[in-house]
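Asks: I have a structure here, written as C-alpha cells, and I will follow up with some questions on it.
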Amino acid sequence: MKKVIIAAAALAALTTAVSAQETVRIGTEGAYAPWNFVNDDGELAGFELDLGAAICEEAGLTCEFVQNEWDSIIPNLLAGNYDVIMAGMSITPERDETIDFTQDYFPPDPSNFAAPAGMTYDFENLSGLRIGVQGNTIQAAYAEENFGADNTIVAFSTFDQSVADLAAGNVDVVLADGSSLDPVIANSSGALEFIGPDILIGGGVGAGLREDDDDLEASFNAALDALKADGTVDALIAEWFDGQGPYYSE
C-alpha cells in the first residue's frame with residue numbers, strides 16, 4: 001500500500017508541473033495501421049490513439065493528436081509543432097541522439113519480408129531485387145546497409161504505398177514491421193505471404209519528446225508504469241494486434 005501511495009503522490013506532483021503548460025499535442029502519422037491511421041469517418045484511430053488517450057487520462061493531462069507526415073515527424077517535434085511523437089517509432093541509438101524517448105509501450109517487434117505468394121529468394125545472398133521500404137525507418141536503414149550493394153532499395157513516403165507497389169509488381173519484396181504486415185497479408189486473399197527470416201531491429205516502440213521536456217517525459221513514464229501494472233497496455237495490444245501478449249502485466 002505504501003508503494004502505491006508514493007507512486008500516486010509522485011504522479012500527482014509531475015502532473016502539476018506539466019499541467020502548467022497548454023494542451024499537450026501528440027504528433028502521429030495517421031498512415032500506419034494498426035498503430036495509427038485515418039478511419040472511414042476521417043478521424044485518427046488506432047492503438048496509439050487509444051493508448052495516448054489512456055496515458056493522458058492517467059496523467060491528468062489535456063491532449064490532442066496532430067497528424068504529420070512521417071518524413072518530417074522528428075523535425076516538426078523539434079520545431080515545437082507538437083510535444084510528443086506517438087507514431088510506431090522504434091527506439092534506436094541514432095534517434096536518441098536527437099530526441100528523448102519514454103519507456104517502450106510495445107516490445108521489440110520482428111521486421112519481416114512480404115512477397116507475392118510462391119516466390120522464393122536466397123536471403124543469405126540477395127541480389128538483383130527491388131526491396132520496398134518506408135523511408136526514414138529502421139527497416140530502410142537496415143536494408144540499405146545490408147542489401148544496398150547488390151539490390152535496389154526503393155523508399156516510399158508511406159507504408160501503404162510500399163504495399164500497393166508490392167501488389168502491383170513494382171517491387172519484389174517489402175521489409176516492414178511484422179505487426180503492420182500481418183493484416184495486409186491476411187486480407188490479400190492469398191496473394192501475398194511472409195518470406196525469409198525474422199529480423200530484430202530497434203529497442204521497442206516508445207513516445208518521442210524533446211530532450212528538455214523532462215517533466216512531460218516523467219509524467220508519461222509514470223502513467224505508463226501505472227497502465228502496464230493494471231493491464232491496460234496489454235489489453236490494448238491484444239485488441240489492436242490480434243491477441244498478442246501479454247507483455248507487461250503479471
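Identifiers in this document derive from the order of the C-alpha cells: chains are assigned A, B, ..., residues are numbered from 1 separately in each chain, and ligands are numbered from 1 in order of occurrence.
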Produce a table with one row for each residue of stretch 8-123 of chain A that has an atom at most 10 Å from any atom of stretch 147-158 of chain A, each row naming the nearest atom pair and its distance in Å at one decimal; use only C-alpha atoms; arrange rows by chain and rising residue number; format as JSON lines.
Replies:
{"residue": "A:Glu29", "atom": "CA", "partner": "A:Thr158", "partner_atom": "CA", "distance": 9.1}
{"residue": "A:Gly30", "atom": "CA", "partner": "A:Thr158", "partner_atom": "CA", "distance": 9.8}
{"residue": "A:Ala31", "atom": "CA", "partner": "A:Thr158", "partner_atom": "CA", "distance": 6.7}
{"residue": "A:Tyr32", "atom": "CA", "partner": "A:Thr158", "partner_atom": "CA", "distance": 7.7}
{"residue": "A:Glu69", "atom": "CA", "partner": "A:Ser157", "partner_atom": "CA", "distance": 8.2}
{"residue": "A:Trp70", "atom": "CA", "partner": "A:Ser157", "partner_atom": "CA", "distance": 7.4}
{"residue": "A:Asp71", "atom": "CA", "partner": "A:Ser157", "partner_atom": "CA", "distance": 7.1}
{"residue": "A:Phe123", "atom": "CA", "partner": "A:Phe147", "partner_atom": "CA", "distance": 9.6}
Asks: Write down as a PyMOL selection string the residues belonging to stretch 82-242 of chain A that are assigned strand (DSSP E or B) by DSSP computed on the backbone.
Replies: chain A and resi 84-85+90+100-106+111-116+130-134+152-156+173-177+192-199+205-209
Asks: Taking 3 positions as the minimum chain separation for residues in the same chain, which residues sit within 9 Å of A:Gly178 when counting only C-alpha atoms? Answer as a list of chain:residue names.
Replies: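 My reading of the contact set: A:Asp109, A:Pro110, A:Ser111, A:Asn112, A:Phe113, A:Leu175, A:Leu181, A:Asp182, A:Phe194, A:Asp198.
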Asks: Please dump the current selection as a PDB file, in the first residue's frame; keep N, CA, C and O atoms.
Replies:
ATOM      1  N   ASP A 109       9.635  -5.551 -32.026  1.00  0.00           N
ATOM      2  CA  ASP A 109       8.752  -6.272 -32.942  1.00  0.00           C
ATOM      3  C   ASP A 109       9.575  -6.758 -34.126  1.00  0.00           C
ATOM      4  O   ASP A 109      10.226  -5.951 -34.795  1.00  0.00           O
ATOM      5  N   PRO A 110       9.570  -8.054 -34.423  1.00  0.00           N
ATOM      6  CA  PRO A 110      10.339  -8.513 -35.575  1.00  0.00           C
ATOM      7  C   PRO A 110       9.902  -7.830 -36.861  1.00  0.00           C
ATOM      8  O   PRO A 110       8.703  -7.636 -37.107  1.00  0.00           O
ATOM      9  N   SER A 111      10.864  -7.452 -37.665  1.00  0.00           N
ATOM     10  CA  SER A 111      10.580  -6.989 -39.023  1.00  0.00           C
ATOM     11  C   SER A 111      10.559  -8.204 -39.939  1.00  0.00           C
ATOM     12  O   SER A 111      11.263  -9.192 -39.701  1.00  0.00           O
ATOM     13  N   ASN A 112       9.730  -8.126 -40.978  1.00  0.00           N
ATOM     14  CA  ASN A 112       9.573  -9.256 -41.884  1.00  0.00           C
ATOM     15  C   ASN A 112       9.547  -8.800 -43.335  1.00  0.00           C
ATOM     16  O   ASN A 112       9.249  -7.639 -43.632  1.00  0.00           O
ATOM     17  N   PHE A 113       9.829  -9.746 -44.206  1.00  0.00           N
ATOM     18  CA  PHE A 113       9.664  -9.534 -45.635  1.00  0.00           C
ATOM     19  C   PHE A 113       8.306 -10.073 -46.069  1.00  0.00           C
ATOM     20  O   PHE A 113       7.868 -11.131 -45.616  1.00  0.00           O
ATOM     21  N   LEU A 175      10.041  -4.858 -46.846  1.00  0.00           N
ATOM     22  CA  LEU A 175      10.520  -5.098 -45.484  1.00  0.00           C
ATOM     23  C   LEU A 175       9.857  -4.082 -44.565  1.00  0.00           C
ATOM     24  O   LEU A 175       9.967  -2.876 -44.771  1.00  0.00           O
ATOM     25  N   LEU A 181       2.460  -5.741 -41.289  1.00  0.00           N
ATOM     26  CA  LEU A 181       2.271  -6.619 -42.445  1.00  0.00           C
ATOM     27  C   LEU A 181       1.213  -7.694 -42.186  1.00  0.00           C
ATOM     28  O   LEU A 181       0.576  -8.180 -43.130  1.00  0.00           O
ATOM     29  N   ASP A 182       1.020  -8.067 -40.932  1.00  0.00           N
ATOM     30  CA  ASP A 182       0.060  -9.130 -40.600  1.00  0.00           C
ATOM     31  C   ASP A 182      -1.308  -8.923 -41.250  1.00  0.00           C
ATOM     32  O   ASP A 182      -1.800  -9.801 -41.968  1.00  0.00           O
ATOM     33  N   PHE A 194       4.380 -13.997 -46.033  1.00  0.00           N
ATOM     34  CA  PHE A 194       5.671 -13.743 -45.410  1.00  0.00           C
ATOM     35  C   PHE A 194       6.727 -14.635 -46.051  1.00  0.00           C
ATOM     36  O   PHE A 194       6.444 -15.766 -46.459  1.00  0.00           O
ATOM     37  N   ASP A 198      12.823 -13.710 -39.693  1.00  0.00           N
ATOM     38  CA  ASP A 198      12.502 -12.583 -38.812  1.00  0.00           C
ATOM     39  C   ASP A 198      13.780 -11.770 -38.595  1.00  0.00           C
ATOM     40  O   ASP A 198      14.864 -12.329 -38.468  1.00  0.00           O
TER      41      ASP A 198
END
Asks: Write out as a count of residues only each polymer residue whose atoms come within 7 Å of stretch 86-99 of chain A, counting only C-alpha atoms; drop sequence neighbours fewer than 6 positions from it.
Replies: 17
Asks: I'd like the neighbourhood of stretch 223-237 of chain A as a PyMOL selection string, where a residue qualifies if any of its atoms comes within 7 Å (using only C-alpha atoms), though same-chain residues fewer than 4 positions away should be ignored.
Replies: chain A and resi 47+55+58-59+219+241+244-249
Asks: Please determine, counting only C-alpha atoms, which residue among A:Leu216, A:Ile201, A:Cys56, A:Cys63 has the shortest atom-to-atom distance to A:Ala140.
Replies: A:Ile201
Asks: Give the helix (DSSP H, G or I) residues of stretch 7-240 of chain A, as DSSP finds them on the backbone, and put them as a short mmCIF file (atom, residue, chain, number, x, y, z; two decimals) with N, CA, C and O atoms, in the first residue's frame.
Replies:
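out_35.cif written:
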data_model
loop_
_atom_site.label_atom_id
_atom_site.label_comp_id
_atom_site.auth_asym_id
_atom_site.auth_seq_id
_atom_site.Cartn_x
_atom_site.Cartn_y
_atom_site.Cartn_z
N ALA A 7 3.74 6.22 -5.30
CA ALA A 7 3.64 6.35 -6.75
C ALA A 7 2.57 7.37 -7.12
O ALA A 7 2.75 8.19 -8.01
N ALA A 8 1.44 7.32 -6.43
CA ALA A 8 0.36 8.26 -6.72
C ALA A 8 0.79 9.69 -6.42
O ALA A 8 0.48 10.62 -7.17
N ALA A 9 1.52 9.86 -5.33
CA ALA A 9 1.99 11.19 -4.98
C ALA A 9 2.98 11.72 -6.00
O ALA A 9 2.95 12.90 -6.38
N ALA A 10 3.85 10.84 -6.46
CA ALA A 10 4.84 11.25 -7.47
C ALA A 10 4.15 11.64 -8.76
O ALA A 10 4.51 12.65 -9.39
N LEU A 11 3.16 10.86 -9.18
CA LEU A 11 2.43 11.19 -10.40
C LEU A 11 1.68 12.50 -10.26
O LEU A 11 1.64 13.32 -11.18
N ALA A 12 1.12 12.74 -9.09
CA ALA A 12 0.39 13.99 -8.86
C ALA A 12 1.33 15.18 -8.96
O ALA A 12 0.98 16.22 -9.53
N ALA A 13 2.52 15.04 -8.41
CA ALA A 13 3.49 16.13 -8.47
C ALA A 13 3.92 16.42 -9.89
O ALA A 13 4.03 17.57 -10.32
N LEU A 14 4.15 15.35 -10.66
CA LEU A 14 4.55 15.52 -12.06
C LEU A 14 3.42 16.14 -12.86
O LEU A 14 3.64 17.00 -13.72
N THR A 15 2.20 15.69 -12.61
CA THR A 15 1.05 16.23 -13.34
C THR A 15 0.89 17.72 -13.08
O THR A 15 0.60 18.50 -13.98
N THR A 16 1.11 18.15 -11.84
CA THR A 16 1.00 19.57 -11.51
C THR A 16 2.01 20.39 -12.29
O THR A 16 1.71 21.47 -12.82
N ALA A 17 3.24 19.85 -12.42
CA ALA A 17 4.30 20.57 -13.15
C ALA A 17 3.97 20.66 -14.63
O ALA A 17 4.14 21.71 -15.25
N VAL A 18 3.49 19.55 -15.21
CA VAL A 18 3.22 19.54 -16.64
C VAL A 18 1.96 20.32 -16.98
O VAL A 18 1.87 20.96 -18.02
N PHE A 47 -4.14 1.88 -32.26
CA PHE A 47 -3.57 1.53 -30.96
C PHE A 47 -3.02 2.75 -30.23
O PHE A 47 -3.29 2.96 -29.03
N GLU A 48 -2.23 3.56 -30.93
CA GLU A 48 -1.58 4.68 -30.24
C GLU A 48 -2.55 5.79 -29.90
O GLU A 48 -2.32 6.55 -28.95
N LEU A 49 -3.64 5.92 -30.65
CA LEU A 49 -4.66 6.91 -30.28
C LEU A 49 -5.32 6.50 -28.97
O LEU A 49 -5.52 7.34 -28.08
N ASP A 50 -5.65 5.21 -28.85
CA ASP A 50 -6.27 4.73 -27.62
C ASP A 50 -5.29 4.77 -26.45
O ASP A 50 -5.65 5.17 -25.34
N LEU A 51 -4.05 4.37 -26.71
CA LEU A 51 -3.06 4.40 -25.63
C LEU A 51 -2.74 5.83 -25.22
O LEU A 51 -2.64 6.12 -24.02
N GLY A 52 -2.60 6.72 -26.18
CA GLY A 52 -2.35 8.12 -25.85
C GLY A 52 -3.45 8.71 -25.00
O GLY A 52 -3.19 9.45 -24.04
N ALA A 53 -4.70 8.39 -25.33
CA ALA A 53 -5.83 8.87 -24.53
C ALA A 53 -5.76 8.32 -23.10
O ALA A 53 -6.03 9.04 -22.13
N ALA A 54 -5.37 7.04 -22.97
CA ALA A 54 -5.27 6.44 -21.64
C ALA A 54 -4.14 7.07 -20.84
O ALA A 54 -4.28 7.31 -19.63
N ILE A 55 -3.00 7.33 -21.50
CA ILE A 55 -1.87 7.98 -20.82
C ILE A 55 -2.28 9.35 -20.30
O ILE A 55 -2.01 9.71 -19.15
N CYS A 56 -2.93 10.12 -21.15
CA CYS A 56 -3.30 11.49 -20.76
C CYS A 56 -4.34 11.50 -19.66
O CYS A 56 -4.29 12.34 -18.75
N GLU A 57 -5.27 10.54 -19.70
CA GLU A 57 -6.27 10.46 -18.63
C GLU A 57 -5.59 10.08 -17.32
O GLU A 57 -5.86 10.68 -16.27
N GLU A 58 -4.68 9.11 -17.37
CA GLU A 58 -3.97 8.67 -16.16
C GLU A 58 -3.13 9.80 -15.58
O GLU A 58 -3.05 9.97 -14.36
N ALA A 59 -2.52 10.60 -16.46
CA ALA A 59 -1.64 11.69 -16.02
C ALA A 59 -2.39 12.98 -15.73
O ALA A 59 -1.79 13.96 -15.27
N TRP A 70 5.38 11.23 -42.01
CA TRP A 70 6.47 10.54 -41.32
C TRP A 70 7.82 11.21 -41.54
O TRP A 70 8.61 11.36 -40.62
N ASP A 71 8.11 11.60 -42.78
CA ASP A 71 9.45 12.10 -43.11
C ASP A 71 9.85 13.32 -42.28
O ASP A 71 11.04 13.54 -42.03
N SER A 72 8.88 14.12 -41.87
CA SER A 72 9.20 15.34 -41.10
C SER A 72 8.72 15.27 -39.66
O SER A 72 8.62 16.29 -38.99
N ILE A 73 8.46 14.06 -39.16
CA ILE A 73 7.83 13.97 -37.84
C ILE A 73 8.78 14.37 -36.72
O ILE A 73 8.39 15.01 -35.75
N ILE A 74 10.07 14.04 -36.83
CA ILE A 74 11.03 14.49 -35.81
C ILE A 74 11.37 15.97 -35.97
O ILE A 74 11.35 16.71 -34.97
N PRO A 75 11.66 16.46 -37.18
CA PRO A 75 11.91 17.91 -37.31
C PRO A 75 10.78 18.78 -36.78
O PRO A 75 11.03 19.81 -36.16
N ASN A 76 9.53 18.37 -37.00
CA ASN A 76 8.41 19.18 -36.52
C ASN A 76 8.22 19.08 -35.01
O ASN A 76 7.68 20.00 -34.39
N LEU A 77 8.64 17.97 -34.39
CA LEU A 77 8.68 17.91 -32.93
C LEU A 77 9.69 18.92 -32.42
O LEU A 77 9.40 19.71 -31.51
N LEU A 78 10.89 18.93 -33.01
CA LEU A 78 11.95 19.84 -32.56
C LEU A 78 11.58 21.29 -32.81
O LEU A 78 12.01 22.19 -32.07
N PRO A 93 19.48 4.03 -31.01
CA PRO A 93 20.53 4.95 -30.57
C PRO A 93 20.66 6.18 -31.46
O PRO A 93 20.94 7.28 -30.97
N GLU A 94 20.45 6.01 -32.76
CA GLU A 94 20.56 7.14 -33.69
C GLU A 94 19.50 8.20 -33.38
O GLU A 94 19.81 9.40 -33.34
N ARG A 95 18.27 7.79 -33.20
CA ARG A 95 17.21 8.74 -32.88
C ARG A 95 17.41 9.35 -31.50
O ARG A 95 17.08 10.52 -31.27
N ASP A 96 17.94 8.54 -30.58
CA ASP A 96 18.14 9.01 -29.21
C ASP A 96 19.22 10.09 -29.12
O ASP A 96 19.33 10.77 -28.10
N ILE A 138 13.62 2.23 -39.48
CA ILE A 138 14.71 1.33 -39.15
C ILE A 138 14.88 0.27 -40.23
O ILE A 138 15.99 -0.21 -40.47
N GLN A 139 13.78 -0.09 -40.90
CA GLN A 139 13.88 -1.08 -41.98
C GLN A 139 14.62 -0.49 -43.18
O GLN A 139 15.40 -1.20 -43.83
N ALA A 140 14.40 0.78 -43.47
CA ALA A 140 15.09 1.42 -44.58
C ALA A 140 16.60 1.43 -44.33
O ALA A 140 17.40 1.12 -45.23
N ALA A 141 16.99 1.79 -43.12
CA ALA A 141 18.42 1.82 -42.79
C ALA A 141 19.02 0.43 -42.84
O ALA A 141 20.13 0.23 -43.35
N TYR A 142 18.29 -0.56 -42.35
CA TYR A 142 18.79 -1.94 -42.35
C TYR A 142 18.95 -2.45 -43.77
O TYR A 142 19.97 -3.08 -44.12
N ALA A 143 17.95 -2.19 -44.62
CA ALA A 143 18.01 -2.67 -46.00
C ALA A 143 19.16 -2.03 -46.76
O ALA A 143 19.88 -2.70 -47.51
N GLU A 144 19.35 -0.74 -46.55
CA GLU A 144 20.43 -0.04 -47.25
C GLU A 144 21.79 -0.59 -46.82
O GLU A 144 22.68 -0.82 -47.66
N GLU A 145 21.94 -0.82 -45.52
CA GLU A 145 23.22 -1.28 -45.00
C GLU A 145 23.53 -2.72 -45.42
O GLU A 145 24.68 -3.06 -45.75
N ASN A 146 22.50 -3.58 -45.40
CA ASN A 146 22.73 -5.00 -45.60
C ASN A 146 22.48 -5.49 -47.01
O ASN A 146 23.05 -6.53 -47.41
N PHE A 147 21.65 -4.77 -47.78
CA PHE A 147 21.29 -5.24 -49.11
C PHE A 147 21.53 -4.22 -50.22
O PHE A 147 21.32 -4.52 -51.39
N PHE A 159 3.88 3.53 -45.59
CA PHE A 159 3.81 2.07 -45.60
C PHE A 159 2.81 1.58 -46.64
O PHE A 159 3.08 0.63 -47.39
N ASP A 160 1.64 2.23 -46.71
CA ASP A 160 0.61 1.81 -47.66
C ASP A 160 1.10 1.86 -49.10
O ASP A 160 0.75 1.01 -49.92
N GLN A 161 1.91 2.87 -49.43
CA GLN A 161 2.44 2.97 -50.78
C GLN A 161 3.38 1.80 -51.09
O GLN A 161 3.37 1.26 -52.20
N SER A 162 4.19 1.41 -50.11
CA SER A 162 5.10 0.28 -50.34
C SER A 162 4.32 -1.00 -50.61
O SER A 162 4.69 -1.78 -51.49
N VAL A 163 3.24 -1.22 -49.86
CA VAL A 163 2.44 -2.42 -50.03
C VAL A 163 1.70 -2.39 -51.37
O VAL A 163 1.59 -3.41 -52.06
N ALA A 164 1.20 -1.22 -51.75
CA ALA A 164 0.50 -1.09 -53.02
C ALA A 164 1.43 -1.40 -54.19
O ALA A 164 1.04 -2.07 -55.15
N ASP A 165 2.66 -0.94 -54.12
CA ASP A 165 3.62 -1.21 -55.19
C ASP A 165 4.07 -2.67 -55.20
O ASP A 165 4.39 -3.21 -56.25
N LEU A 166 4.08 -3.30 -54.04
CA LEU A 166 4.35 -4.74 -53.99
C LEU A 166 3.24 -5.50 -54.71
O LEU A 166 3.52 -6.38 -55.55
N ALA A 167 2.00 -5.16 -54.41
CA ALA A 167 0.87 -5.84 -55.05
C ALA A 167 0.84 -5.59 -56.55
O ALA A 167 0.41 -6.45 -57.33
N GLY A 178 6.50 -6.59 -38.71
CA GLY A 178 5.60 -7.72 -38.89
C GLY A 178 4.18 -7.43 -38.46
O GLY A 178 3.23 -7.89 -39.08
N SER A 179 4.02 -6.62 -37.40
CA SER A 179 2.68 -6.30 -36.90
C SER A 179 1.86 -5.51 -37.90
O SER A 179 0.63 -5.61 -37.92
N SER A 180 2.52 -4.71 -38.74
CA SER A 180 1.80 -3.96 -39.77
C SER A 180 1.55 -4.80 -41.01
O SER A 180 0.56 -4.62 -41.70
N LEU A 181 2.46 -5.74 -41.29
CA LEU A 181 2.27 -6.62 -42.44
C LEU A 181 1.21 -7.69 -42.19
O LEU A 181 0.58 -8.18 -43.13
N ASP A 182 1.02 -8.07 -40.93
CA ASP A 182 0.06 -9.13 -40.60
C ASP A 182 -1.31 -8.92 -41.25
O ASP A 182 -1.80 -9.80 -41.97
N PRO A 183 -1.99 -7.78 -41.00
CA PRO A 183 -3.32 -7.61 -41.59
C PRO A 183 -3.28 -7.48 -43.11
O PRO A 183 -4.23 -7.87 -43.79
N VAL A 184 -2.20 -6.93 -43.65
CA VAL A 184 -2.08 -6.82 -45.11
C VAL A 184 -2.07 -8.19 -45.75
O VAL A 184 -2.80 -8.47 -46.72
N ILE A 185 -1.28 -9.09 -45.21
CA ILE A 185 -1.19 -10.44 -45.75
C ILE A 185 -2.48 -11.21 -45.50
O ILE A 185 -2.98 -11.92 -46.39
N ALA A 186 -3.06 -11.04 -44.32
CA ALA A 186 -4.31 -11.74 -44.01
C ALA A 186 -5.45 -11.33 -44.94
O ALA A 186 -6.33 -12.14 -45.25
N ASP A 214 11.71 17.36 -19.67
CA ASP A 214 11.89 16.32 -18.66
C ASP A 214 10.61 16.05 -17.86
O ASP A 214 10.31 14.90 -17.53
N ASP A 215 9.87 17.11 -17.51
CA ASP A 215 8.65 16.91 -16.71
C ASP A 215 7.61 16.12 -17.49
O ASP A 215 6.95 15.23 -16.94
N LEU A 216 7.45 16.46 -18.77
CA LEU A 216 6.47 15.75 -19.59
C LEU A 216 6.88 14.29 -19.78
O LEU A 216 6.05 13.38 -19.70
N GLU A 217 8.16 14.06 -20.00
CA GLU A 217 8.66 12.68 -20.14
C GLU A 217 8.40 11.89 -18.87
O GLU A 217 7.94 10.74 -18.91
N ALA A 218 8.68 12.49 -17.72
CA ALA A 218 8.47 11.81 -16.45
C ALA A 218 6.99 11.52 -16.23
O ALA A 218 6.62 10.46 -15.70
N SER A 219 6.13 12.45 -16.62
CA SER A 219 4.70 12.26 -16.46
C SER A 219 4.19 11.12 -17.32
O SER A 219 3.41 10.27 -16.87
N PHE A 220 4.66 11.06 -18.58
CA PHE A 220 4.28 9.96 -19.47
C PHE A 220 4.79 8.63 -18.92
O PHE A 220 4.08 7.61 -18.96
N ASN A 221 6.03 8.61 -18.43
CA ASN A 221 6.59 7.36 -17.90
C ASN A 221 5.84 6.88 -16.67
O ASN A 221 5.59 5.67 -16.51
N ALA A 222 5.47 7.81 -15.79
CA ALA A 222 4.71 7.42 -14.60
C ALA A 222 3.35 6.85 -14.99
O ALA A 222 2.88 5.86 -14.41
N ALA A 223 2.70 7.48 -15.98
CA ALA A 223 1.41 6.98 -16.44
C ALA A 223 1.57 5.60 -17.08
O ALA A 223 0.74 4.70 -16.86
N LEU A 224 2.62 5.40 -17.87
CA LEU A 224 2.86 4.10 -18.49
C LEU A 224 3.13 3.03 -17.44
O LEU A 224 2.67 1.88 -17.58
N ASP A 225 3.86 3.37 -16.38
CA ASP A 225 4.07 2.42 -15.29
C ASP A 225 2.72 1.93 -14.75
O ASP A 225 2.52 0.72 -14.55
N ALA A 226 1.82 2.86 -14.51
CA ALA A 226 0.52 2.51 -13.96
C ALA A 226 -0.31 1.70 -14.94
O ALA A 226 -0.97 0.72 -14.56
N LEU A 227 -0.28 2.08 -16.21
CA LEU A 227 -1.11 1.40 -17.22
C LEU A 227 -0.55 0.02 -17.58
O LEU A 227 -1.31 -0.86 -17.98
N LYS A 228 0.74 -0.16 -17.42
CA LYS A 228 1.30 -1.51 -17.59
C LYS A 228 0.91 -2.38 -16.40
O LYS A 228 0.52 -3.55 -16.57
N ALA A 229 1.00 -1.83 -15.21
CA ALA A 229 0.71 -2.60 -14.00
C ALA A 229 -0.74 -3.05 -13.93
O ALA A 229 -1.04 -4.16 -13.47
N THR A 232 -3.77 -2.31 -18.69
CA THR A 232 -4.35 -1.51 -19.77
C THR A 232 -3.52 -1.63 -21.05
O THR A 232 -4.07 -1.80 -22.15
N VAL A 233 -2.20 -1.51 -20.93
CA VAL A 233 -1.36 -1.57 -22.13
C VAL A 233 -1.49 -2.92 -22.82
O VAL A 233 -1.68 -3.01 -24.03
N ASP A 234 -1.44 -4.00 -22.05
CA ASP A 234 -1.58 -5.33 -22.63
C ASP A 234 -2.95 -5.53 -23.27
O ASP A 234 -3.07 -6.17 -24.32
N ALA A 235 -3.99 -4.99 -22.64
CA ALA A 235 -5.34 -5.13 -23.20
C ALA A 235 -5.45 -4.42 -24.55
O ALA A 235 -6.07 -4.93 -25.49
N LEU A 236 -4.84 -3.24 -24.66
CA LEU A 236 -4.88 -2.51 -25.93
C LEU A 236 -4.05 -3.21 -27.00
O LEU A 236 -4.44 -3.24 -28.17
N ILE A 237 -2.90 -3.77 -26.61
CA ILE A 237 -2.11 -4.53 -27.56
C ILE A 237 -2.91 -5.72 -28.07
O ILE A 237 -2.96 -5.99 -29.29
N ALA A 238 -3.55 -6.45 -27.18
CA ALA A 238 -4.34 -7.62 -27.59
C ALA A 238 -5.49 -7.20 -28.51
O ALA A 238 -5.81 -7.91 -29.47
N GLU A 239 -6.10 -6.04 -28.22
CA GLU A 239 -7.22 -5.57 -29.04
C GLU A 239 -6.78 -5.21 -30.46
O GLU A 239 -7.45 -5.54 -31.44
N TRP A 240 -5.64 -4.53 -30.58
CA TRP A 240 -5.23 -3.99 -31.88
C TRP A 240 -4.28 -4.89 -32.65
O TRP A 240 -4.10 -4.72 -33.86
#
Asks: How many Å separate atom CA of A:Asp177 from atom CA of A:Glu250?
Replies: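 Separation between atom CA of A:Asp177 and atom CA of A:Glu250: 25.9 Å.
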Asks: Report the distance between atom CA of A:Val84 and atom CA of A:Val24 in Å, rounded to one decimal place.
Replies: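 These atoms are spaced 7.7 Å apart.
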Asks: Of the residues A:Val171, A:Leu126, A:Ile131, A:Met119, which is the one nearest to A:Glu193, using only C-alpha atoms?
Replies: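 Comparing A:Val171, A:Leu126, A:Ile131, A:Met119 against A:Glu193, the winner is A:Met119.
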Asks: If you measure from atom CA of A:Tyr105 to atom CA of A:Val133, what distance in Å do you get, rounded to one decimal?
Replies: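 These two atoms are separated by 23.5 Å.
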